[in-house]
file run22.txt (compact mmCIF, C-alpha atoms)
# COMPACT_ATOMS: atom_id res chain seq x y z
CA MET A 838 111.91 84.84 66.28
CA SER A 839 108.60 84.75 68.11
CA ASP A 840 106.76 87.97 68.99
CA THR A 841 107.11 89.27 72.53
CA VAL A 842 104.17 90.10 74.79
CA PHE A 843 105.06 93.71 74.03
CA ASP A 844 104.32 93.19 70.32
CA LYS A 845 101.27 91.01 70.88
CA ILE A 846 99.46 93.45 73.15
CA GLY A 847 100.10 96.35 70.80
CA GLY A 848 103.54 97.81 71.54
CA GLU A 849 104.12 101.20 73.06
CA GLY A 850 100.49 102.30 72.89
CA ALA A 851 99.46 99.43 75.12
CA VAL A 852 102.23 100.19 77.59
CA ASN A 853 101.07 103.79 77.77
CA ALA A 854 97.56 102.60 78.59
CA ALA A 855 98.90 100.24 81.25
CA VAL A 856 101.33 102.59 82.95
CA ASP A 857 98.80 105.04 84.47
CA ILE A 858 96.67 102.16 85.74
CA PHE A 859 99.68 100.40 87.24
CA TYR A 860 101.19 103.57 88.75
CA ARG A 861 97.82 104.50 90.29
CA LYS A 862 97.60 101.06 91.90
CA VAL A 863 101.06 101.19 93.49
CA LEU A 864 100.55 104.77 94.73
CA SER A 865 97.20 103.82 96.28
CA ASP A 866 98.68 100.85 98.13
CA SER A 867 99.85 102.22 101.46
CA SER A 868 102.08 99.17 102.05
CA ILE A 869 104.35 100.19 99.14
CA SER A 870 103.46 103.78 98.22
CA GLN A 871 106.43 105.14 100.15
CA PHE A 872 108.74 103.67 97.52
CA PHE A 873 106.87 105.44 94.72
CA GLU A 874 106.09 108.83 96.22
CA THR A 875 108.17 111.56 94.68
CA THR A 876 108.23 115.24 93.86
CA ASP A 877 108.53 114.42 90.18
CA MET A 878 105.65 112.20 89.13
CA ASP A 879 106.49 112.50 85.45
CA ALA A 880 109.98 111.12 86.02
CA GLN A 881 108.47 108.34 88.15
CA ARG A 882 106.04 107.54 85.34
CA VAL A 883 108.97 107.16 82.93
CA LYS A 884 110.46 104.57 85.32
CA GLN A 885 107.15 102.68 85.57
CA LYS A 886 106.93 102.66 81.81
CA ALA A 887 110.44 101.26 81.49
CA PHE A 888 109.53 98.55 83.98
CA LEU A 889 106.36 97.56 82.14
CA THR A 890 108.15 97.58 78.79
CA MET A 891 110.69 95.20 80.24
CA ALA A 892 108.03 92.94 81.79
CA PHE A 893 106.39 92.73 78.37
CA GLY A 894 109.69 91.67 76.79
CA GLY A 895 109.88 94.94 74.85
CA PRO A 896 112.97 96.97 74.05
CA ASN A 897 114.82 97.92 77.23
CA ASN A 898 118.35 98.63 78.26
CA TYR A 899 118.51 97.31 81.78
CA SER A 900 121.21 94.90 82.88
CA GLY A 901 120.80 92.92 86.09
CA GLN A 902 123.54 95.05 87.65
CA GLU A 903 121.68 98.26 86.78
CA MET A 904 118.48 96.90 88.31
CA ARG A 905 120.49 96.06 91.42
CA ASN A 906 122.08 99.53 91.61
CA ALA A 907 118.83 101.36 90.93
CA HIS A 908 117.00 99.52 93.71
CA ALA A 909 119.83 99.56 96.26
CA PRO A 910 118.63 102.81 97.90
CA LEU A 911 115.15 101.29 98.26
CA VAL A 912 116.56 98.09 99.76
CA ALA A 913 118.39 100.33 102.24
CA LYS A 914 114.99 101.86 103.10
CA GLY A 915 113.56 98.41 103.80
CA LEU A 916 112.35 97.09 100.43
CA ASN A 917 111.63 93.39 100.94
CA GLU A 918 109.89 90.28 99.70
CA SER A 919 106.40 91.46 100.68
CA HIS A 920 106.80 94.72 98.72
CA PHE A 921 108.04 92.80 95.69
CA SER A 922 104.98 90.52 95.82
CA ALA A 923 102.65 93.49 96.21
CA VAL A 924 104.07 95.19 93.11
CA ALA A 925 103.85 91.93 91.16
CA GLY A 926 100.22 91.62 92.26
CA HIS A 927 99.46 95.12 90.93
CA LEU A 928 101.12 94.24 87.64
CA GLN A 929 98.91 91.16 87.33
CA ASP A 930 95.77 93.15 88.24
CA THR A 931 96.64 95.83 85.69
CA LEU A 932 96.99 93.29 82.90
CA GLU A 933 93.78 91.53 83.89
CA GLU A 934 91.98 94.87 83.93
CA LEU A 935 93.21 95.49 80.38
CA LYS A 936 91.92 92.04 79.38
CA VAL A 937 95.32 90.79 78.31
CA PRO A 938 95.05 87.03 77.54
CA SER A 939 96.17 84.88 80.47
CA GLU A 940 99.06 83.18 78.66
CA LEU A 941 100.55 86.61 77.93
CA ILE A 942 100.02 87.66 81.56
CA ASN A 943 101.93 84.55 82.61
CA GLU A 944 104.80 85.47 80.30
CA ALA A 945 104.95 89.01 81.71
CA MET A 946 104.79 87.74 85.29
CA ALA A 947 107.65 85.33 84.59
CA ILE A 948 109.83 88.19 83.32
CA ALA A 949 108.94 90.30 86.35
CA ALA A 950 109.75 87.35 88.66
CA SER A 951 113.16 86.99 87.00
CA THR A 952 114.16 90.42 88.39
CA HIS A 953 113.49 89.28 91.99
CA ASP A 954 117.08 88.80 93.17
CA ASP A 955 118.42 91.96 91.50
CA VAL A 956 115.59 94.15 92.79
CA LEU A 957 115.96 92.88 96.36
CA GLY A 958 119.77 92.83 96.19
CA LEU A 959 120.02 89.12 96.99
CA MET B 300 139.79 112.40 102.73
CA GLU B 301 140.15 115.37 100.37
CA LYS B 302 137.45 115.57 97.75
CA GLN B 303 138.67 114.94 94.21
CA LEU B 304 138.10 118.23 92.37
CA VAL B 305 137.69 118.71 88.62
CA THR B 306 138.71 121.73 86.58
CA ILE B 307 136.32 123.43 84.18
CA TYR B 308 136.88 126.59 82.15
CA PHE B 309 134.35 129.38 82.52
CA ASP B 310 134.78 132.04 79.85
CA GLY B 311 138.41 130.88 79.53
CA SER B 312 139.28 130.95 83.25
CA PRO B 313 139.97 127.67 85.06
CA LEU B 314 137.74 126.91 88.04
CA SER B 315 138.14 124.09 90.56
CA CYS B 316 134.84 122.34 90.95
CA ASP B 317 133.27 119.84 93.32
CA PRO B 318 131.94 117.16 90.92
CA SER B 319 129.10 116.28 93.31
CA LYS B 320 127.60 119.77 92.98
CA SER B 321 125.96 121.40 89.96
CA ILE B 322 127.92 123.74 87.72
CA LEU B 323 125.75 126.58 88.99
CA ASP B 324 126.56 125.86 92.63
CA ASN B 325 130.24 125.58 91.76
CA LEU B 326 130.18 128.96 90.01
CA LEU B 327 128.48 130.52 93.04
CA ASP B 328 131.00 128.83 95.39
CA ASN B 329 133.77 130.39 93.26
CA ASN B 330 132.12 133.82 93.57
CA VAL B 331 131.25 133.95 89.88
CA LYS B 332 128.23 136.17 89.35
CA ALA B 333 125.70 133.77 87.86
CA THR B 334 122.06 134.43 87.11
CA PHE B 335 119.66 131.95 88.66
CA SER B 336 116.38 131.71 90.46
CA CYS B 337 114.82 128.35 91.34
CA LYS B 338 117.74 125.87 91.06
CA LYS B 339 115.21 123.16 90.19
CA GLY B 340 115.36 123.20 86.41
CA THR B 341 112.05 125.04 86.19
CA CYS B 342 112.75 128.74 85.71
CA LEU B 343 115.45 128.34 83.01
CA THR B 344 117.26 131.49 84.13
CA CYS B 345 120.61 129.78 84.79
CA VAL B 346 121.34 128.82 81.17
CA LEU B 347 124.97 128.80 80.02
CA ARG B 348 126.59 127.59 76.79
CA THR B 349 128.97 124.73 76.05
CA SER B 350 130.01 122.65 73.07
CA HIS B 351 130.38 119.56 75.30
CA ASP B 352 127.72 116.88 75.49
CA VAL B 353 125.40 117.35 78.45
CA PRO B 354 122.78 115.00 79.95
CA LYS B 355 119.29 115.09 78.47
CA LYS B 356 117.76 116.69 81.56
CA SER B 357 120.14 119.64 81.19
CA GLN B 358 118.34 120.64 78.00
CA ASP B 359 114.91 118.98 78.18
CA ALA B 360 112.99 122.15 78.93
CA LEU B 361 114.87 124.41 76.50
CA LYS B 362 113.66 125.52 73.09
CA PRO B 363 115.34 123.85 70.08
CA ALA B 364 116.91 127.14 68.96
CA LEU B 365 118.71 127.44 72.30
CA ILE B 366 119.79 123.78 72.36
CA GLU B 367 121.20 124.29 68.86
CA GLN B 368 123.39 127.06 70.27
CA GLY B 369 124.68 124.83 73.06
CA TYR B 370 122.59 126.24 75.87
CA PHE B 371 122.07 124.07 78.95
CA LEU B 372 120.73 124.43 82.51
CA SER B 373 123.71 124.94 84.80
CA CYS B 374 121.68 123.93 87.88
CA GLN B 375 120.97 120.51 86.36
CA THR B 376 124.47 119.71 85.11
CA MET B 377 127.49 118.37 86.98
CA PRO B 378 130.97 119.59 86.05
CA ILE B 379 133.23 117.26 84.06
CA GLU B 380 137.02 117.61 83.87
CA GLY B 381 138.07 119.94 81.07
CA MET B 382 134.56 121.19 80.26
CA GLU B 383 134.53 124.63 78.65
CA ILE B 384 131.59 126.88 79.46
CA LEU B 385 130.55 130.28 78.20
CA PRO B 386 128.13 132.75 79.76
CA SER B 387 124.80 133.19 78.02
CA GLU B 388 124.59 135.89 75.38
CA GLN B 389 121.93 138.10 76.87
CA ASN B 390 120.92 139.18 73.37
CA ASP B 391 120.00 135.57 72.59
CA LEU B 392 117.65 135.55 75.50
CA PHE B 393 116.23 138.95 76.34
CA ILE B 394 114.06 141.34 74.34
CA LYS B 395 112.85 144.80 75.27
CA THR B 396 109.27 145.62 76.23
CA THR B 397 107.58 148.87 77.17
CA VAL B 398 105.28 149.20 80.16
CA LYS B 399 101.87 150.13 78.80
CA GLU B 400 99.74 150.07 81.90
CA ILE B 401 99.92 149.24 85.60
CA LYS B 402 96.87 148.54 87.74
CA GLN B 403 97.24 148.13 91.49
CA LEU B 404 94.88 145.39 92.64
CA SER B 405 94.07 144.07 96.10
CA GLY B 406 96.47 141.90 98.07
CA HIS B 407 99.61 143.80 96.94
CA VAL B 408 99.16 142.44 93.43
CA ALA B 409 99.93 144.65 90.45
CA GLN B 410 98.52 143.83 87.03
CA ILE B 411 101.19 144.93 84.57
CA PHE B 412 100.81 145.21 80.80
CA LEU B 413 103.93 145.07 78.62
CA THR B 414 104.29 145.72 74.90
CA PRO B 415 107.17 143.74 73.37
CA SER B 416 109.44 145.53 70.87
CA GLU B 417 109.44 142.50 68.60
CA ASN B 418 107.21 139.56 67.86
CA PHE B 419 106.81 137.43 70.99
CA ASN B 420 105.02 134.16 70.35
CA TYR B 421 103.63 132.50 73.42
CA ARG B 422 100.84 130.30 74.66
CA PRO B 423 98.79 131.82 77.50
CA GLY B 424 99.81 130.15 80.77
CA GLN B 425 103.46 129.94 79.80
CA PHE B 426 105.88 132.12 81.72
CA LEU B 427 108.43 134.74 80.83
CA ASN B 428 111.49 135.85 82.76
CA ILE B 429 112.05 139.47 83.74
CA LYS B 430 115.41 141.01 84.57
CA ASN B 431 115.66 143.99 86.90
CA PRO B 432 118.43 146.62 86.57
CA ASP B 433 120.62 144.67 89.02
CA GLY B 434 120.51 141.64 86.73
CA GLU B 435 118.23 139.64 89.03
CA VAL B 436 115.83 137.45 87.08
CA ARG B 437 112.42 136.07 88.10
CA SER B 438 109.59 134.27 86.34
CA TYR B 439 106.04 135.56 85.72
CA SER B 440 103.16 133.71 84.08
CA ILE B 441 101.30 135.22 81.15
CA ALA B 442 97.59 135.90 81.74
CA SER B 443 96.81 137.49 78.37
CA THR B 444 95.91 135.94 75.03
CA LYS B 445 96.62 137.29 71.56
CA VAL B 446 92.87 137.34 70.88
CA GLN B 447 91.98 139.36 73.95
CA ALA B 448 95.04 141.65 74.22
CA ASN B 449 96.70 141.80 70.77
CA ASP B 450 100.41 141.91 71.40
CA THR B 451 100.21 143.20 74.96
CA LEU B 452 101.42 140.82 77.64
CA GLU B 453 99.62 140.76 80.98
CA ILE B 454 101.41 139.57 84.11
CA HIS B 455 100.46 139.60 87.78
CA VAL B 456 103.14 140.64 90.25
CA LYS B 457 102.81 140.21 93.99
CA LYS B 458 105.07 142.31 96.13
CA HIS B 459 106.63 140.52 99.06
CA GLN B 460 109.37 140.98 101.59
CA PHE B 461 112.23 139.43 99.62
CA GLY B 462 110.94 140.02 96.09
CA LYS B 463 113.89 141.70 94.41
CA VAL B 464 112.26 141.81 90.98
CA SER B 465 108.62 141.88 92.11
CA ASN B 466 109.19 144.85 94.41
CA TRP B 467 111.04 146.68 91.63
CA LEU B 468 108.14 146.00 89.26
CA GLY B 469 105.54 146.88 91.87
CA ASP B 470 107.15 150.03 93.33
CA GLU B 471 109.56 151.58 90.87
CA VAL B 472 108.55 150.75 87.32
CA LYS B 473 106.39 153.40 85.64
CA ILE B 474 104.39 153.58 82.43
CA ASN B 475 106.63 153.80 79.32
CA ASP B 476 109.62 152.36 81.19
CA GLU B 477 111.60 149.63 79.50
CA VAL B 478 111.51 146.07 80.89
CA GLU B 479 113.63 143.22 79.55
CA ILE B 480 111.96 139.83 79.17
CA SER B 481 112.96 136.41 77.90
CA GLY B 482 110.95 133.34 77.07
CA PRO B 483 108.32 132.13 76.80
CA ASN B 484 108.91 128.95 78.76
CA GLY B 485 106.87 126.16 80.29
CA ASP B 486 104.34 123.61 79.17
CA CYS B 487 101.35 124.60 81.27
CA PHE B 488 98.95 125.87 78.59
CA TYR B 489 95.64 125.06 76.89
CA ILE B 490 95.68 122.41 74.20
CA ASN B 491 92.68 122.47 71.92
CA ASP B 492 92.50 118.74 71.21
CA GLN B 493 89.21 117.92 72.92
CA PRO B 494 86.90 120.97 73.17
CA GLU B 495 84.28 118.99 75.11
CA GLN B 496 86.72 117.82 77.80
CA PRO B 497 86.02 119.29 81.28
CA LEU B 498 88.77 121.52 82.67
CA LEU B 499 89.65 121.89 86.34
CA LEU B 500 91.83 124.91 87.10
CA ILE B 501 93.25 125.28 90.62
CA GLY B 502 95.56 128.09 91.68
CA THR B 503 96.80 129.95 94.72
CA GLY B 504 97.85 133.61 94.83
CA THR B 505 99.18 134.86 91.50
CA GLY B 506 98.74 131.30 90.25
CA LEU B 507 95.58 132.93 88.95
CA ALA B 508 97.59 134.55 86.13
CA PRO B 509 98.36 131.40 84.11
CA LEU B 510 94.90 129.99 84.87
CA LEU B 511 93.26 133.16 83.57
CA GLY B 512 95.38 132.93 80.41
CA ILE B 513 94.43 129.26 79.97
CA MET B 514 90.73 129.97 80.55
CA ARG B 515 90.69 132.95 78.17
CA GLN B 516 92.45 130.90 75.52
CA ALA B 517 90.04 127.97 75.96
CA LEU B 518 87.04 130.31 75.62
CA SER B 519 88.50 132.07 72.58
CA GLN B 520 88.86 128.65 70.96
CA ASN B 521 85.23 127.77 71.71
CA HIS B 522 85.90 125.22 74.41
CA THR B 523 82.49 123.65 75.10
CA GLY B 524 83.32 121.46 78.10
CA ASP B 525 82.91 122.70 81.67
CA ILE B 526 85.61 125.03 82.98
CA LYS B 527 85.80 125.06 86.78
CA LEU B 528 88.23 127.60 88.18
CA TYR B 529 89.25 127.50 91.85
CA HIS B 530 91.25 130.43 93.19
CA GLY B 531 92.57 130.39 96.72
CA ALA B 532 94.45 132.76 99.00
CA VAL B 533 95.28 133.14 102.66
CA GLU B 534 92.67 135.84 103.20
CA ASP B 535 90.10 137.88 101.27
CA ASP B 536 92.37 140.56 99.88
CA GLY B 537 94.60 137.92 98.24
CA LEU B 538 91.71 137.14 95.91
CA TYR B 539 91.96 139.68 93.09
CA LEU B 540 90.25 140.29 89.73
CA THR B 541 87.10 138.76 91.24
CA ASP B 542 84.87 141.09 89.18
CA GLU B 543 86.53 140.01 85.97
CA LEU B 544 86.13 136.34 86.93
CA LYS B 545 82.47 136.93 87.72
CA LYS B 546 81.95 138.57 84.32
CA LEU B 547 83.39 135.50 82.61
CA SER B 548 81.10 133.14 84.54
CA ASP B 549 78.10 135.37 83.75
CA LYS B 550 78.96 135.45 80.06
CA TYR B 551 79.83 131.78 79.54
CA SER B 552 77.44 129.13 80.84
CA ASN B 553 80.22 126.51 81.03
CA VAL B 554 82.41 128.63 83.33
CA GLU B 555 82.17 128.27 87.11
CA ILE B 556 84.29 130.26 89.58
CA HIS B 557 85.02 129.12 93.13
CA LEU B 558 86.91 131.24 95.66
CA GLY B 559 88.43 130.03 98.90
CA THR B 560 90.50 131.44 101.75
CA LEU B 561 92.36 129.80 104.62
CA LYS B 562 91.04 132.44 107.03
CA GLN B 563 87.28 132.58 107.43
CA SER B 564 85.80 135.33 105.28
CA ASP B 565 82.76 137.53 105.95
CA ASN B 566 81.84 137.13 102.30
CA LYS B 567 79.48 134.16 102.06
CA ASP B 568 80.64 133.43 98.48
CA ILE B 569 84.12 132.60 99.74
CA VAL B 570 84.57 129.09 101.12
CA CYS B 571 86.92 128.56 104.07
CA GLY B 572 89.72 126.02 103.51
CA SER B 573 92.58 125.11 101.18
CA ILE B 574 91.40 125.68 97.66
CA ASN B 575 92.81 122.36 96.42
CA ASP B 576 90.91 120.43 99.10
CA ILE B 577 87.74 122.36 98.28
CA ALA B 578 88.13 121.57 94.58
CA LEU B 579 88.92 117.90 95.08
CA ALA B 580 85.98 117.50 97.46
CA ASN B 581 83.69 118.81 94.70
CA HIS B 582 85.25 116.57 92.06
CA ALA B 583 85.91 113.11 93.47
CA GLU B 584 86.06 111.49 90.04
CA LEU B 585 88.49 113.08 87.58
CA LYS B 586 88.70 110.46 84.86
CA GLY B 587 88.68 112.28 81.54
CA TRP B 588 89.43 115.75 83.00
CA LYS B 589 92.24 118.08 82.05
CA ILE B 590 93.71 119.67 85.14
CA TYR B 591 95.84 122.78 85.58
CA LEU B 592 97.62 123.46 88.87
CA CYS B 593 99.47 126.72 89.47
CA GLY B 594 101.03 128.44 92.46
CA ASP B 595 102.37 127.12 95.74
CA PRO B 596 104.70 124.17 94.91
CA GLN B 597 103.50 122.06 97.85
CA MET B 598 99.87 122.54 96.79
CA VAL B 599 100.75 121.70 93.18
CA GLN B 600 102.59 118.53 94.13
CA THR B 601 100.01 117.08 96.51
CA THR B 602 97.10 118.01 94.26
CA LYS B 603 98.79 116.45 91.25
CA GLN B 604 99.06 113.13 93.08
CA LYS B 605 95.50 113.30 94.41
CA ALA B 606 94.10 114.21 90.99
CA PHE B 607 95.97 111.29 89.45
CA LEU B 608 94.63 108.92 92.10
CA SER B 609 91.14 110.28 91.41
CA GLY B 610 91.41 109.00 87.87
CA ALA B 611 93.02 111.76 85.79
CA ASN B 612 95.68 110.68 83.29
CA LEU B 613 99.10 111.99 84.25
CA ALA B 614 99.44 113.38 80.71
CA ASP B 615 96.29 115.46 81.34
CA ILE B 616 97.68 117.15 84.45
CA PHE B 617 99.56 120.37 83.73
CA SER B 618 101.34 122.18 86.47
CA ASP B 619 103.28 125.32 87.12
CA PRO B 620 104.81 125.30 90.60
CA PHE B 621 105.94 128.81 91.56
CA GLU B 622 109.35 127.90 92.93
CA MET B 623 110.82 130.71 94.99
CA LYS B 624 114.47 131.59 94.82
CA THR B 625 116.42 129.65 97.42
CA PRO B 626 117.48 132.18 100.06
CA VAL B 627 121.24 132.65 100.15
CA THR B 628 122.72 130.95 103.18
CA LEU B 629 126.11 131.83 104.55
CA ASP B 630 127.85 128.68 105.66
call {"tool": "encode", "arguments": {"input": "run22.txt", "output": "structure tokens"}}
result
Amino acid sequence: MSDTVFDKIGGEGAVNAAVDIFYRKVLSDSSISQFFETTDMDAQRVKQKAFLTMAFGGPNNYSGQEMRNAHAPLVAKGLNESHFSAVAGHLQDTLEELKVPSELINEAMAIAASTHDDVLGL
Amino acid sequence: MEKQLVTIYFDGSPLSCDPSKSILDNLLDNNVKATFSCKKGTCLTCVLRTSHDVPKKSQDALKPALIEQGYFLSCQTMPIEGMEILPSEQNDLFIKTTVKEIKQLSGHVAQIFLTPSENFNYRPGQFLNIKNPDGEVRSYSIASTKVQANDTLEIHVKKHQFGKVSNWLGDEVKINDEVEISGPNGDCFYINDQPEQPLLLIGTGTGLAPLLGIMRQALSQNHTGDIKLYHGAVEDDGLYLTDELKKLSDKYSNVEIHLGTLKQSDNKDIVCGSINDIALANHAELKGWKIYLCGDPQMVQTTKQKAFLSGANLADIFSDPFEMKTPVTLD
């Protein structure tokens, strides 16, 4: 079995390094920050970390149905295509900032793209 | 449509519960006398016991010894059909202390020193819970360190209109009286992993207590990085222990004290404005800083986000929001 991006970039340590950078980017982006603002930033960080772990092909426990259910309240608040693209853009920027090789970035972006329909409830 | 109710057993008695509300709220709805304060999973006063499995967040903040005994936070747990629950054993939780000294400071703040009857291990900045004779429980942060005060615990108590425990402590308790405490709780304390790391401490009101404990602890462990403490209040008299703070900044070259009030002060050393805004304006770049935020929950929350966006790692931001007890509403 071939190694996942998660393994190649250094496992959990690398995800920890990425998660603050990624979370800071989405919170600073006023077009999507409303979906990430919360009273409990630590809980939100845990969610971001789970998302990045999944995008890197690492161990995660999310089914498509769970992704759908978890994002349904956000879809009800207006989550749409443009927000999805913005988040994907921040993921790409984060990985580039961390100097992750481009073929691994492509792999991660493909996994993120595969969640599109579940996240947007399509 | 009628709501589907579930039945739980509290101390052997069946109780009909609304499964969409916490166990604590259900107990209160059923007129069971339950101890609680913040209802947000922070103060840890609403612990009960069960042998049933509970969600992780019901126990996350509890000490292993309490989890072992089946303790859980009743405000963070929903009732499940057939669940059996026991009240907390107060002996598991509370120990006796004796009041050693009380100093009345400005701004209706009392500095109270307590001597525990048994060993009480804590980290300065953590909080303890105090029970008044009516069984009401509230949380107070610890300002003392073992180095500076031996076994004596220092807390700061601000009297206010609805403060059932604070007013008892401030008005009625006398030297040599007995006060019951439990704890310590909380994860807002100094960690001596990087002595050269700069520290930013921001607090409002008696949020000074944990910050003072954290600063004293850092200094006793030879912290070499800068320590910038920002204390804010509504007006001048809410700023207390200013002489003691000044002594620390005179004695240690890495300590800097900043005071701020919302109402313009005659004292030119006191800046006008919200203390968190004043601090963040002075420190636009917080990459590599450790940050401690204590006091008003709204201030803590907004400052935490701003500090994070200014470059601080989330793991380096410690906070202690002083959640007030939700006023009882009759509806």
call {"tool": "closest_residue", "arguments": {"input": "run22.txt", "among": "A:Phe921, A:Phe872, A:Phe893, A:Phe859", "to": "chain B", "atoms": "all atoms listed in the file"}}
result
A:Phe859
call {"tool": "interface_residues", "arguments": {"input": "run22.txt", "of": "chain A", "to": "chain B", "cutoff": "7 Å", "atoms": "all atoms listed in the file", "output": "mmCIF file with C-alpha atoms, keeping the file's coordinate frame"}}
result
data_model
loop_
_atom_site.group_PDB
_atom_site.id
_atom_site.type_symbol
_atom_site.label_atom_id
_atom_site.label_comp_id
_atom_site.auth_asym_id
_atom_site.auth_seq_id
_atom_site.Cartn_x
_atom_site.Cartn_y
_atom_site.Cartn_z
ATOM 1 C CA ASP A 857 98.800 105.040 84.470
ATOM 2 C CA ARG A 861 97.820 104.500 90.290
ATOM 3 C CA THR A 876 108.230 115.240 93.860
#
call {"tool": "residues_around", "arguments": {"input": "run22.txt", "residues": "A:Glu874", "least_positions_apart": "3", "cutoff": "12 Å", "atoms": "all atoms listed in the file", "output": "list in words"}}
result
Tyr860, Arg861, Val863, Leu864, Ser865, Asp866, Ser867, Ser868, Ile869, Ser870, Gln871, Asp877, Met878, Asp879, Ala880, Gln881, Arg882 and Leu911 of chain A; Gln600, Thr601, Lys603, Gln604 and Lys605 of chain B
call {"tool": "residues_around", "arguments": {"input": "run22.txt", "residues": "stretch 889-892 of chain A", "least_positions_apart": "4", "cutoff": "12 Å", "atoms": "only C-alpha atoms", "output": "PyMOL selection string"}}
result
chain A and resi 841-844+846-860+882-885+896-901+904+924-925+927-929+931-932+941-952
call {"tool": "residues_around", "arguments": {"input": "run22.txt", "residues": "stretch 440-456 of chain B", "least_positions_apart": "6", "cutoff": "6 Å", "atoms": "all atoms listed in the file", "output": "list in words"}}
result
Val408, Ala409, Gln410, Ile411, Phe412, Leu413, Thr414, Pro423, Gly424, Gln425, Phe426, Ser465, Ala508, Pro509, Leu511 and Gly512 of chain B
call {"tool": "residues_near_point", "arguments": {"input": "run22.txt", "point": "(138.4, 122.0, 80.3)", "cutoff": "8 Å", "atoms": "all atoms listed in the file", "output": "short mmCIF file (atom, residue, chain, number, x, y, z; two decimals) with C-alpha atoms, in the frame of the given file"}}
result
data_model
loop_
_atom_site.label_atom_id
_atom_site.label_comp_id
_atom_site.auth_asym_id
_atom_site.auth_seq_id
_atom_site.Cartn_x
_atom_site.Cartn_y
_atom_site.Cartn_z
CA THR B 306 138.71 121.73 86.58
CA ILE B 307 136.32 123.43 84.18
CA TYR B 308 136.88 126.59 82.15
CA PRO B 313 139.97 127.67 85.06
CA ILE B 379 133.23 117.26 84.06
CA GLU B 380 137.02 117.61 83.87
CA GLY B 381 138.07 119.94 81.07
CA MET B 382 134.56 121.19 80.26
CA GLU B 383 134.53 124.63 78.65
#
call {"tool": "closest_atom_pairs", "arguments": {"input": "run22.txt", "of": "stretch 313-344 of chain B", "to": "stretch 475-494 of chain B", "cutoff": "10 Å", "atoms": "all atoms listed in the file", "output": "CSV"}}
result
residue,atom,partner,partner_atom,distance
B:Thr341,CA,B:Gly485,CA,7.9
B:Cys342,CA,B:Asn484,CA,7.9
B:Leu343,CA,B:Asn484,CA,7.8
B:Thr344,CA,B:Ser481,CA,9.0
call {"tool": "atom_distance", "arguments": {"input": "run22.txt", "atom1": "atom CA of A:Asp930", "atom2": "atom CA of A:Lys886"}}
result
16.0 Å
call {"tool": "closest_residue", "arguments": {"input": "run22.txt", "among": "B:Ile384, B:Glu622, B:Gly340, B:Ala606", "to": "B:Glu584", "atoms": "all atoms listed in the file"}}
result
B:Ala606
call {"tool": "axis_aligned_box", "arguments": {"input": "run22.txt", "around": "stretch 846-853 of chain A", "padding_each_side": "3 Å", "output": "JSON"}}
result
{"center_x": 101.8, "center_y": 98.6, "center_z": 74.3, "size_x": 10.7, "size_y": 16.3, "size_z": 13.0}
call {"tool": "closest_residue", "arguments": {"input": "run22.txt", "among": "B:Tyr529, B:Thr349, B:Asn431, B:Ala580", "to": "B:His557", "atoms": "all atoms listed in the file"}}
result
B:Tyr529
call {"tool": "closest_residue", "arguments": {"input": "run22.txt", "among": "A:Asp954, A:Glu933, A:Leu916, A:Gly895", "to": "A:Phe873", "atoms": "all atoms listed in the file"}}
result
A:Leu916
call {"tool": "atom_distance", "arguments": {"input": "run22.txt", "atom1": "atom CA of B:Gly469", "atom2": "atom CA of B:Glu417"}}
result
24.0 Å
call {"tool": "closest_residue", "arguments": {"input": "run22.txt", "among": "B:Lys562, B:Lys546, B:Lys458, B:His582", "to": "B:Leu499", "atoms": "all atoms listed in the file"}}
result
B:His582
call {"tool": "residues_around", "arguments": {"input": "run22.txt", "residues": "B:Glu367", "least_positions_apart": "4", "cutoff": "12 Å", "atoms": "only C-alpha atoms", "output": "VMD selection string"}}
result
chain B and resid 348 to 350 352 358 361 to 363 371 391
